[in-house]
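Here is work27.pdb, consisting of PDB, C-alpha atoms:
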```pdb
ATOM      1  CA  MET A   1     -13.036  17.344  -7.223
ATOM      2  CA  PHE A   2      -9.803  15.612  -8.052
ATOM      3  CA  LYS A   3      -7.971  15.323 -11.334
ATOM      4  CA  THR A   4      -5.974  12.688 -13.152
ATOM      5  CA  ALA A   5      -2.522  13.173 -14.646
ATOM      6  CA  VAL A   6      -0.457  11.276 -17.174
ATOM      7  CA  ILE A   7       3.336  11.686 -17.273
ATOM      8  CA  GLY A   8       5.712  10.375 -19.914
ATOM      9  CA  ASP A   9       7.213  11.017 -23.317
ATOM     10  CA  SER A  10       4.885  12.807 -25.683
ATOM     11  CA  ALA A  11       4.320   9.890 -28.083
ATOM     12  CA  SER A  12       3.154   7.614 -25.268
ATOM     13  CA  VAL A  13       0.874  10.000 -23.446
ATOM     14  CA  SER A  14      -0.633  12.354 -26.023
ATOM     15  CA  GLY A  15      -3.541   9.974 -26.697
ATOM     16  CA  PHE A  16      -4.732  10.414 -23.129
ATOM     17  CA  ALA A  17      -5.330  14.096 -23.750
ATOM     18  CA  ALA A  18      -8.385  13.182 -25.820
ATOM     19  CA  LEU A  19      -9.908  11.464 -22.776
ATOM     20  CA  GLY A  20      -9.654  14.660 -20.783
ATOM     21  CA  LEU A  21      -6.725  13.710 -18.559
ATOM     22  CA  SER A  22      -4.044  16.270 -17.774
ATOM     23  CA  VAL A  23      -1.038  15.307 -19.850
ATOM     24  CA  PHE A  24       2.523  16.261 -18.914
ATOM     25  CA  CYS A  25       5.294  15.458 -21.376
ATOM     26  CA  GLU A  26       8.513  15.200 -19.373
ATOM     27  CA  THR A  27      11.595  13.060 -19.815
ATOM     28  CA  GLU A  28      14.102  14.723 -17.464
ATOM     29  CA  PRO A  29      14.406  12.923 -14.076
ATOM     30  CA  GLU A  30      14.579  16.132 -11.968
ATOM     31  CA  ARG A  31      11.654  17.695 -13.759
ATOM     32  CA  ILE A  32       9.537  14.553 -13.397
ATOM     33  CA  ALA A  33      10.350  14.312  -9.689
ATOM     34  CA  LYS A  34       9.435  17.959  -9.168
ATOM     35  CA  LEU A  35       6.275  17.521 -11.206
ATOM     36  CA  ILE A  36       5.152  14.525  -9.145
ATOM     37  CA  SER A  37       5.746  16.394  -5.880
ATOM     38  CA  ARG A  38       3.805  19.358  -7.215
ATOM     39  CA  LEU A  39       0.897  17.227  -8.457
ATOM     40  CA  ALA A  40       0.775  15.307  -5.179
ATOM     41  CA  VAL A  41       0.126  18.450  -3.149
ATOM     42  CA  SER A  42      -2.379  19.880  -5.617
ATOM     43  CA  ASP A  43      -5.610  18.024  -6.258
ATOM     44  CA  PHE A  44      -4.453  15.107  -8.360
ATOM     45  CA  ALA A  45      -5.736  11.770  -7.095
ATOM     46  CA  VAL A  46      -4.342   9.479  -9.756
ATOM     47  CA  ILE A  47      -1.062   9.850 -11.647
ATOM     48  CA  TYR A  48      -0.338   7.492 -14.521
ATOM     49  CA  ILE A  49       3.320   7.397 -15.420
ATOM     50  CA  THR A  50       5.039   5.458 -18.174
ATOM     51  CA  GLU A  51       7.414   2.730 -17.055
ATOM     52  CA  PRO A  52      10.607   4.322 -18.469
ATOM     53  CA  ALA A  53       9.736   7.656 -16.826
ATOM     54  CA  ALA A  54       8.964   5.908 -13.539
ATOM     55  CA  ALA A  55      12.295   4.096 -13.641
ATOM     56  CA  LEU A  56      14.039   7.485 -13.554
ATOM     57  CA  VAL A  57      12.283   8.653 -10.398
ATOM     58  CA  SER A  58      11.697   5.459  -8.403
ATOM     59  CA  ASP A  59      12.642   7.214  -5.128
ATOM     60  CA  THR A  60       9.951   9.838  -5.543
ATOM     61  CA  ILE A  61       7.386   7.192  -6.440
ATOM     62  CA  ASN A  62       8.281   5.031  -3.448
ATOM     63  CA  LYS A  63       7.780   8.058  -1.234
ATOM     64  CA  TYR A  64       4.097   8.153  -2.169
ATOM     65  CA  ARG A  65       3.539   4.415  -1.836
ATOM     66  CA  SER A  66       2.369   4.587   1.738
ATOM     67  CA  SER A  67       0.305   7.779   1.495
ATOM     68  CA  ARG A  68      -3.391   7.532   0.643
ATOM     69  CA  LEU A  69      -3.254   9.958  -2.273
ATOM     70  CA  PRO A  70      -2.088  10.189  -4.997
ATOM     71  CA  SER A  71      -2.244   6.720  -6.471
ATOM     72  CA  ILE A  72       0.693   6.398  -8.865
ATOM     73  CA  VAL A  73       0.142   3.759 -11.532
ATOM     74  CA  LEU A  74       2.722   2.528 -14.021
ATOM     75  CA  ILE A  75       1.598   2.109 -17.614
ATOM     76  CA  PRO A  76       3.529   0.786 -20.623
ATOM     77  CA  ALA A  77       5.160   3.349 -22.926
ATOM     78  CA  ILE A  78       4.906   3.366 -26.677
ATOM     79  CA  ASP A  79       8.086   1.313 -27.132
ATOM     80  CA  GLY A  80       6.766  -1.676 -25.237
ATOM     81  CA  ASN A  81       6.105  -3.107 -21.825
ATOM     82  CA  THR A  82       9.124  -3.394 -19.504
ATOM     83  CA  GLY A  83       7.263  -5.428 -16.877
ATOM     84  CA  ASP A  84       8.017  -2.924 -14.087
ATOM     85  CA  GLY A  85       4.319  -2.530 -13.296
ATOM     86  CA  MET A  86       3.803  -6.238 -12.787
ATOM     87  CA  ARG A  87       7.010  -6.417 -10.773
ATOM     88  CA  ALA A  88       5.576  -3.867  -8.355
ATOM     89  CA  VAL A  89       2.533  -6.117  -7.841
ATOM     90  CA  HIS A  90       4.807  -9.037  -7.016
ATOM     91  CA  GLU A  91       6.810  -6.828  -4.643
ATOM     92  CA  ALA A  92       3.644  -5.928  -2.770
ATOM     93  CA  VAL A  93       2.849  -9.631  -2.348
ATOM     94  CA  GLU A  94       6.362 -10.310  -1.154
ATOM     95  CA  LYS A  95       6.103  -7.525   1.385
ATOM     96  CA  ALA A  96       2.748  -8.687   2.726
ATOM     97  CA  VAL A  97       3.143 -12.439   2.659
ATOM     98  CA  GLY A  98       6.892 -12.800   3.040
ATOM     99  CA  SER A  99       7.382 -14.621  -0.231
ATOM    100  CA  ASP A 100       6.019 -14.257  -3.727
ATOM    101  CA  ILE A 101       3.187 -16.756  -3.896
ATOM    102  CA  LEU A 102       1.607 -15.436  -7.099
ATOM    103  CA  ASN A 103       2.576 -17.517 -10.056
TER
ATOM    104  CA  MET B 104      14.345 -14.915  27.086
ATOM    105  CA  ALA B 105      15.261 -11.946  29.105
ATOM    106  CA  ARG B 106      13.668 -11.352  32.447
ATOM    107  CA  LEU B 107      12.355  -7.826  32.954
ATOM    108  CA  ASN B 108      14.215  -5.642  35.387
ATOM    109  CA  VAL B 109      11.614  -5.251  38.153
ATOM    110  CA  ASN B 110      11.545  -5.605  41.916
ATOM    111  CA  PRO B 111      10.163  -8.964  43.052
ATOM    112  CA  THR B 112       7.194  -7.612  44.984
ATOM    113  CA  ARG B 113       3.526  -8.524  45.096
ATOM    114  CA  MET B 114       2.620  -5.193  43.581
ATOM    115  CA  GLU B 115       4.812  -5.805  40.533
ATOM    116  CA  LEU B 116       3.449  -9.326  40.290
ATOM    117  CA  SER B 117      -0.163  -8.210  40.057
ATOM    118  CA  LYS B 118       0.776  -5.447  37.603
ATOM    119  CA  LEU B 119       2.589  -7.940  35.389
ATOM    120  CA  LYS B 120      -0.284 -10.397  35.509
ATOM    121  CA  LYS B 121      -2.631  -7.684  34.254
ATOM    122  CA  LYS B 122      -0.168  -6.780  31.503
ATOM    123  CA  LEU B 123       0.114 -10.410  30.482
ATOM    124  CA  VAL B 124      -3.656 -10.718  30.162
ATOM    125  CA  SER B 125      -3.898  -7.632  27.940
ATOM    126  CA  ALA B 126      -0.864  -8.709  25.898
ATOM    127  CA  ARG B 127      -2.530 -12.065  25.228
ATOM    128  CA  ARG B 128      -5.770 -10.394  24.231
ATOM    129  CA  GLY B 129      -3.941  -7.908  22.003
ATOM    130  CA  HIS B 130      -2.052 -10.759  20.410
ATOM    131  CA  LYS B 131      -5.254 -12.614  19.604
ATOM    132  CA  LEU B 132      -6.922  -9.498  18.174
ATOM    133  CA  LEU B 133      -3.908  -8.557  16.056
ATOM    134  CA  LYS B 134      -3.621 -12.102  14.780
ATOM    135  CA  ASP B 135      -7.262 -11.992  13.684
ATOM    136  CA  LYS B 136      -6.660  -8.615  12.064
ATOM    137  CA  ARG B 137      -3.640  -9.963  10.213
ATOM    138  CA  ASP B 138      -5.545 -13.004   8.950
ATOM    139  CA  GLU B 139      -8.492 -10.965   7.721
ATOM    140  CA  LEU B 140      -6.239  -8.355   6.081
ATOM    141  CA  MET B 141      -4.360 -11.141   4.379
ATOM    142  CA  ARG B 142      -7.587 -12.675   3.056
ATOM    143  CA  GLN B 143      -8.775  -9.346   1.660
ATOM    144  CA  PHE B 144      -5.302  -8.622   0.291
ATOM    145  CA  MET B 145      -5.185 -11.896  -1.623
ATOM    146  CA  ILE B 146      -8.560 -11.162  -3.237
ATOM    147  CA  LEU B 147      -7.440  -7.661  -4.202
ATOM    148  CA  ILE B 148      -4.017  -8.681  -5.464
ATOM    149  CA  ARG B 149      -5.550 -11.278  -7.790
ATOM    150  CA  GLU B 150      -7.868  -8.597  -9.181
ATOM    151  CA  ASP B 151      -4.897  -6.236  -9.434
ATOM    152  CA  ARG B 152      -2.922  -8.748 -11.449
ATOM    153  CA  GLU B 153      -5.760  -9.470 -13.854
ATOM    154  CA  LEU B 154      -6.621  -5.795 -14.300
ATOM    155  CA  ARG B 155      -3.004  -4.889 -14.845
ATOM    156  CA  SER B 156      -2.489  -7.426 -17.595
ATOM    157  CA  GLU B 157      -5.751  -6.330 -19.267
ATOM    158  CA  VAL B 158      -4.815  -2.647 -19.031
ATOM    159  CA  GLU B 159      -1.281  -3.279 -20.251
ATOM    160  CA  THR B 160      -2.545  -5.201 -23.281
ATOM    161  CA  ALA B 161      -5.108  -2.525 -24.098
ATOM    162  CA  ILE B 162      -2.613   0.324 -23.761
ATOM    163  CA  GLY B 163      -0.159  -1.671 -25.866
ATOM    164  CA  GLU B 164      -2.851  -1.915 -28.516
ATOM    165  CA  ALA B 165      -3.560   1.815 -28.345
ATOM    166  CA  ASN B 166       0.161   2.524 -28.534
ATOM    167  CA  ARG B 167       0.446   0.446 -31.675
ATOM    168  CA  TYR B 168      -2.315   2.503 -33.273
ATOM    169  CA  MET B 169      -0.634   5.649 -32.033
ATOM    170  CA  ALA B 170       2.703   4.620 -33.526
ATOM    171  CA  VAL B 171       1.067   4.059 -36.904
ATOM    172  CA  ALA B 172      -0.829   7.348 -36.631
ATOM    173  CA  GLY B 173       2.424   9.081 -35.758
ATOM    174  CA  SER B 174       4.107   7.648 -38.815
ATOM    175  CA  VAL B 175       1.402   8.581 -41.327
ATOM    176  CA  MET B 176       0.648  12.019 -39.902
ATOM    177  CA  GLN B 177       2.892  14.931 -39.267
ATOM    178  CA  ARG B 178       3.807  15.419 -35.628
ATOM    179  CA  GLU B 179       2.372  18.938 -35.639
ATOM    180  CA  VAL B 180      -0.951  17.811 -37.080
ATOM    181  CA  LEU B 181      -1.187  15.018 -34.525
ATOM    182  CA  ASP B 182      -0.422  17.386 -31.660
ATOM    183  CA  THR B 183      -2.901  19.943 -32.928
ATOM    184  CA  ALA B 184      -5.617  17.314 -33.234
ATOM    185  CA  LEU B 185      -5.217  16.394 -29.571
ATOM    186  CA  MET B 186      -4.433  19.878 -28.309
ATOM    187  CA  ILE B 187      -7.865  20.935 -27.141
ATOM    188  CA  PRO B 188      -9.748  18.051 -25.579
ATOM    189  CA  LYS B 189     -13.529  17.915 -25.713
ATOM    190  CA  GLN B 190     -13.826  15.678 -22.753
ATOM    191  CA  GLU B 191     -12.715  16.297 -19.208
ATOM    192  CA  VAL B 192     -12.566  13.822 -16.378
ATOM    193  CA  GLU B 193     -12.827  14.664 -12.741
ATOM    194  CA  LEU B 194     -12.603  12.166  -9.963
ATOM    195  CA  GLU B 195     -14.773  11.944  -6.928
ATOM    196  CA  VAL B 196     -12.669  10.445  -4.169
ATOM    197  CA  GLY B 197     -14.365   8.355  -1.547
ATOM    198  CA  GLU B 198     -12.908   6.335   1.271
ATOM    199  CA  LYS B 199     -13.396   2.771   2.387
ATOM    200  CA  ASN B 200     -12.283   1.351   5.683
ATOM    201  CA  VAL B 201     -10.892  -2.160   5.473
ATOM    202  CA  MET B 202      -9.694  -3.304   8.904
ATOM    203  CA  SER B 203      -8.707   0.288   9.737
ATOM    204  CA  VAL B 204      -6.804   0.738   6.485
ATOM    205  CA  TYR B 205      -8.379   3.657   4.689
ATOM    206  CA  ILE B 206      -8.360   2.905   0.991
ATOM    207  CA  PRO B 207      -9.474   5.463  -1.598
ATOM    208  CA  GLU B 208     -12.323   4.917  -4.045
ATOM    209  CA  PHE B 209     -12.429   6.822  -7.312
ATOM    210  CA  LYS B 210     -15.544   7.668  -9.259
ATOM    211  CA  PRO B 211     -14.954   9.342 -12.624
ATOM    212  CA  LYS B 212     -17.209  12.205 -13.679
ATOM    213  CA  PHE B 213     -17.178  13.271 -17.305
ATOM    214  CA  ARG B 214     -17.766  16.840 -18.392
ATOM    215  CA  THR B 215     -20.032  15.947 -21.280
ATOM    216  CA  SER B 216     -22.958  13.628 -20.665
ATOM    217  CA  ASP B 217     -21.707  11.110 -23.198
ATOM    218  CA  SER B 218     -18.461   9.620 -21.925
ATOM    219  CA  SER B 219     -17.580   8.398 -25.416
ATOM    220  CA  ASP B 220     -17.602  11.946 -26.770
ATOM    221  CA  ILE B 221     -13.844  11.943 -27.102
ATOM    222  CA  TYR B 222     -12.863  12.851 -30.618
ATOM    223  CA  SER B 223     -11.526  16.357 -30.305
ATOM    224  CA  TYR B 224     -10.756  16.717 -33.993
ATOM    225  CA  GLY B 225     -12.395  16.602 -37.408
ATOM    226  CA  THR B 226     -11.773  13.442 -39.367
ATOM    227  CA  ALA B 227     -10.614  15.192 -42.523
ATOM    228  CA  PHE B 228      -6.940  15.621 -41.715
ATOM    229  CA  THR B 229      -6.284  12.842 -39.261
ATOM    230  CA  SER B 230      -5.475   9.196 -39.752
ATOM    231  CA  ILE B 231      -8.004   6.497 -38.858
ATOM    232  CA  ASP B 232      -5.354   4.959 -36.616
ATOM    233  CA  LEU B 233      -5.609   7.961 -34.330
ATOM    234  CA  ASP B 234      -9.328   7.206 -33.897
ATOM    235  CA  GLY B 235      -8.362   3.629 -33.098
ATOM    236  CA  ALA B 236      -5.840   4.729 -30.493
ATOM    237  CA  VAL B 237      -8.227   7.151 -28.816
ATOM    238  CA  SER B 238     -11.124   4.726 -28.772
ATOM    239  CA  ALA B 239      -8.925   1.914 -27.404
ATOM    240  CA  LEU B 240      -7.768   4.216 -24.603
ATOM    241  CA  SER B 241     -11.299   5.351 -23.840
ATOM    242  CA  GLU B 242     -12.491   1.732 -23.634
ATOM    243  CA  VAL B 243      -9.802   0.810 -21.139
ATOM    244  CA  PHE B 244     -10.146   3.973 -19.074
ATOM    245  CA  PRO B 245     -12.727   2.621 -16.543
ATOM    246  CA  LYS B 246     -10.380  -0.298 -15.932
ATOM    247  CA  MET B 247      -7.470   2.090 -15.469
ATOM    248  CA  ILE B 248      -9.392   3.933 -12.773
ATOM    249  CA  ARG B 249     -10.213   0.665 -11.039
ATOM    250  CA  LEU B 250      -6.540  -0.335 -11.383
ATOM    251  CA  ALA B 251      -5.449   2.873  -9.648
ATOM    252  CA  GLU B 252      -7.868   2.101  -6.829
ATOM    253  CA  VAL B 253      -6.856  -1.526  -6.445
ATOM    254  CA  GLU B 254      -3.149  -0.854  -6.752
ATOM    255  CA  LYS B 255      -3.248   1.810  -4.038
ATOM    256  CA  ALA B 256      -5.327  -0.484  -1.837
ATOM    257  CA  CYS B 257      -2.786  -3.269  -2.300
ATOM    258  CA  GLN B 258       0.132  -1.009  -1.410
ATOM    259  CA  LEU B 259      -1.564   0.332   1.700
ATOM    260  CA  MET B 260      -2.684  -3.106   2.805
ATOM    261  CA  ALA B 261       0.754  -4.621   2.208
ATOM    262  CA  ASP B 262       2.211  -1.940   4.523
ATOM    263  CA  GLU B 263      -0.420  -2.585   7.166
ATOM    264  CA  ILE B 264      -0.017  -6.370   6.967
ATOM    265  CA  GLU B 265       3.717  -6.016   7.412
ATOM    266  CA  LYS B 266       3.244  -3.777  10.455
ATOM    267  CA  THR B 267       0.608  -6.023  11.986
ATOM    268  CA  ARG B 268       2.730  -9.100  11.407
ATOM    269  CA  ARG B 269       5.641  -7.480  13.223
ATOM    270  CA  ARG B 270       3.421  -6.561  16.138
ATOM    271  CA  VAL B 271       2.007 -10.084  16.345
ATOM    272  CA  ASN B 272       5.508 -11.559  16.287
ATOM    273  CA  ALA B 273       6.812  -9.118  18.876
ATOM    274  CA  LEU B 274       3.950  -9.975  21.215
ATOM    275  CA  GLU B 275       4.151 -13.696  20.593
ATOM    276  CA  HIS B 276       7.886 -14.201  20.759
ATOM    277  CA  ILE B 277       9.138 -11.405  23.000
ATOM    278  CA  MET B 278       6.625  -9.646  25.194
ATOM    279  CA  ILE B 279       4.474 -12.590  26.296
ATOM    280  CA  PRO B 280       7.425 -14.935  27.082
ATOM    281  CA  ASP B 281       9.159 -12.072  28.949
ATOM    282  CA  TYR B 282       6.108 -11.429  31.086
ATOM    283  CA  GLU B 283       5.678 -15.117  31.791
ATOM    284  CA  GLU B 284       9.276 -15.519  32.814
ATOM    285  CA  THR B 285       9.226 -12.446  35.049
ATOM    286  CA  ILE B 286       6.008 -13.595  36.710
ATOM    287  CA  LYS B 287       7.561 -16.986  37.334
ATOM    288  CA  TYR B 288      10.675 -15.338  38.759
ATOM    289  CA  ILE B 289       8.688 -13.111  41.121
ATOM    290  CA  THR B 290       6.507 -16.027  42.284
ATOM    291  CA  MET B 291       9.611 -18.114  43.004
ATOM    292  CA  LYS B 292      11.313 -15.272  44.810
ATOM    293  CA  LEU B 293       8.238 -14.576  46.945
ATOM    294  CA  SER B 294       7.736 -18.213  47.917
ATOM    295  CA  GLU B 295      11.443 -18.501  48.628
ATOM    296  CA  ASN B 296      11.166 -15.498  50.950
ATOM    297  CA  GLU B 297       8.187 -17.100  52.648
ATOM    298  CA  ARG B 298      10.064 -20.335  53.192
ATOM    299  CA  SER B 299      13.057 -18.492  54.551
ATOM    300  CA  THR B 300      10.840 -16.574  57.017
ATOM    301  CA  THR B 301       9.244 -19.829  58.164
ATOM    302  CA  THR B 302      12.577 -21.531  58.723
ATOM    303  CA  SER B 303      14.044 -18.583  60.612
ATOM    304  CA  LEU B 304      10.918 -18.468  62.792
ATOM    305  CA  MET B 305      11.282 -22.141  63.523
ATOM    306  CA  LYS B 306      14.915 -21.630  64.344
ATOM    307  CA  VAL B 307      14.167 -18.712  66.679
ATOM    308  CA  LYS B 308      11.412 -20.710  68.331
ATOM    309  CA  ASP B 309      13.859 -23.546  68.950
ATOM    310  CA  MET B 310      16.406 -21.150  70.421
ATOM    311  CA  VAL B 311      13.847 -19.511  72.700
ATOM    312  CA  LEU B 312      12.579 -22.879  73.933
ATOM    313  CA  LYS B 313      16.118 -24.020  74.557
ATOM    314  CA  GLN B 314      16.975 -20.898  76.559
ATOM    315  CA  LYS B 315      13.846 -20.819  78.718
ATOM    316  CA  HIS B 316      13.181 -24.470  79.420
ATOM    317  CA  ASN B 317      16.388 -26.117  78.416
ATOM    318  CA  TYR B 318      14.262 -27.968  75.957
ATOM    319  CA  GLN B 319      16.014 -30.042  73.369
TER
END
```

So, in terms of structure tokens, how does the structure I just supplied come out?
Amino acid sequence: MFKTAVIGDSASVSGFAALGLSVFCETEPERIAKLISRLAVSDFAVIYITEPAAALVSDTINKYRSSRLPSIVLIPAIDGNTGDGMRAVHEAVEKAVGSDILN
Amino acid sequence: MARLNVNPTRMELSKLKKKLVSARRGHKLLKDKRDELMRQFMILIREDRELRSEVETAIGEANRYMAVAGSVMQREVLDTALMIPKQEVELEVGEKNVMSVYIPEFKPKFRTSDSSDIYSYGTAFTSIDLDGAVSALSEVFPKMIRLAEVEKACQLMADEIEKTRRRVNALEHIMIPDYEETIKYITMKLSENERSTTTSLMKVKDMVLKQKHNYQ
């Protein structure tokens, strides 16, 4: 059985604890990167990460883009939506089609 | 286009012809694969976009509740309320093969039989906004799982489409024209050799006739 993790600042992610997800409150880039690598090799299938936290460790996240597991999903943090998550969707279209045809 | 560096022999010619046939077949198959992947990708990416905007709105809503809860309750009380969760989610991970791209499928399994059994605290010391935040998150959770699935599928398929497109282009614009040109070159060279043999034979025949019979 696989588990689900949520990474971000404590105000944004603490609500997820009630749903039974594993919550990790981290804001330091190195610690987040290490955490993601650790979660990826243990049995975590889905990692939700807040957009500001993801922006700090984009290299680590890109590394797991092409592997089947884990699925790393960006979610908005408590201080608003930065649009990074949607941007990633448009990037995927650009990569596949050659130009961004979603509008 | 560059001609391949091979000896102009019949053996090479037949080898190249076979290669050309399989390159053409591979090109057709890969093109079909690319088109089908693209079709599936477009369906998924539309779903991805819709799901993402729904999830982002719902989490935004929950965050608003959470911000209010955080302002009316003490941080310690809030943390204590959420410290020991009642619910636990485990994921069953399946696999789906879409044009040889293996995409994961997630099926959530809740520890308690009622998946809405999420309030891990008594209502006496917590704000109602915390209930709002938790219930908003729990409502959107199935969509978040689907989003994780779809987003991963889109990433994997985008990679595969890119790879397939490169292969199709390499076959179409480099390998097939190269083979065709080399085949043409070998055919020309061989027929040229044939003609040159014929002419030298004719010449020799003329010389022999001239020598023996003084035939002009």

**Request:** Find the residues of chain B in contact range of chain A, meaning any atom within 6 Å when counting only C-alpha atoms, and list them as a count of residues only.
**Result:** 17

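Between Gln258 in chain B and the residues A:Thr82, A:Pro52, A:Lys63, A:Arg31, the shortest atom-to-atom distance, using all atoms listed in the file, involves A:Lys63.
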
Evaluate the PyMOL selection byres ((chain A and resi 26) around 7) here and jot the selected residues down as a PDB file with C-alpha atoms, keeping the file's coordinate frame.
```pdb
ATOM      1  CA  ILE A   7       3.336  11.686 -17.273  1.00  0.00           C
ATOM      2  CA  GLY A   8       5.712  10.375 -19.914  1.00  0.00           C
ATOM      3  CA  ASP A   9       7.213  11.017 -23.317  1.00  0.00           C
ATOM      4  CA  PHE A  24       2.523  16.261 -18.914  1.00  0.00           C
ATOM      5  CA  CYS A  25       5.294  15.458 -21.376  1.00  0.00           C
ATOM      6  CA  THR A  27      11.595  13.060 -19.815  1.00  0.00           C
ATOM      7  CA  GLU A  28      14.102  14.723 -17.464  1.00  0.00           C
ATOM      8  CA  ARG A  31      11.654  17.695 -13.759  1.00  0.00           C
ATOM      9  CA  ILE A  32       9.537  14.553 -13.397  1.00  0.00           C
TER      10      ILE A  32
END
```

**Prompt:** What do you get, as a PyMOL selection string, if you spell out every residue that the PyMOL selection byres ((chain B and resi 266-273) around 9) selects here?
**Reply:** (chain A and resi 96) or (chain B and resi 129-131+133-134+136-137+261-265+274-279)

**Message:** Given the PyMOL selection byres ((chain B and resi 197) around 7) and the file above, list the residues it selects as a ChimeraX atom specification.
**Reply:** /B:195-196,198-199,207-209

Grab the residues selected above and save them as a CSV table (one decimal), in the frame of the given file with C-alpha atoms.
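And here's result.csv as it stands now:
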```csv
chain,number,residue,atom,x,y,z
B,195,GLU,CA,-14.8,11.9,-6.9
B,196,VAL,CA,-12.7,10.4,-4.2
B,198,GLU,CA,-12.9,6.3,1.3
B,199,LYS,CA,-13.4,2.8,2.4
B,207,PRO,CA,-9.5,5.5,-1.6
B,208,GLU,CA,-12.3,4.9,-4.0
B,209,PHE,CA,-12.4,6.8,-7.3
```

**Message:** From the options B:Arg106, B:Met260, B:Met247, B:Thr290, which residue's atoms come nearest to Val6 in chain A, counting only C-alpha atoms?
**Reply:** B:Met247

**Request:** Could you tell me how far CA of Thr60 in chain A lies from CA of Met141 in chain B, in Å and to one decimal?
**Result:** 27.3 Å

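Using all atoms listed in the file for every distance, the candidate list B:Arg167, B:Lys315, B:Arg155, B:Lys212 yields B:Arg155 as the residue closest to Val243 in chain B.
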
Using all atoms of range 296-315 of chain B listed in the file and a margin of 5 Å per side, can you give the axis-aligned box centre and edge lengths in Å to one decimal, as AutoDock Vina command-line options?
```
--center_x 12.6 --center_y -19.8 --center_z 64.8 --size_x 18.8 --size_y 18.5 --size_z 37.8
```

**Request:** Have a look at CA of Ala165 in chain B and CA of Leu240 in chain B and let me know their distance in Å, one decimal.
**Result:** 6.1 Å

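Going from CA of Arg298 in chain B over to CA of Pro111 in chain B, you cover 15.2 Å.
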
**Item:** Residue contacts of Asp59 in chain A (12 Å, all atoms listed in the file) excluding same-chain residues fewer than 3 positions away, as a VMD selection string
**Value:** chain A and resid 29 to 30 32 to 34 36 to 37 54 to 56 62 to 65
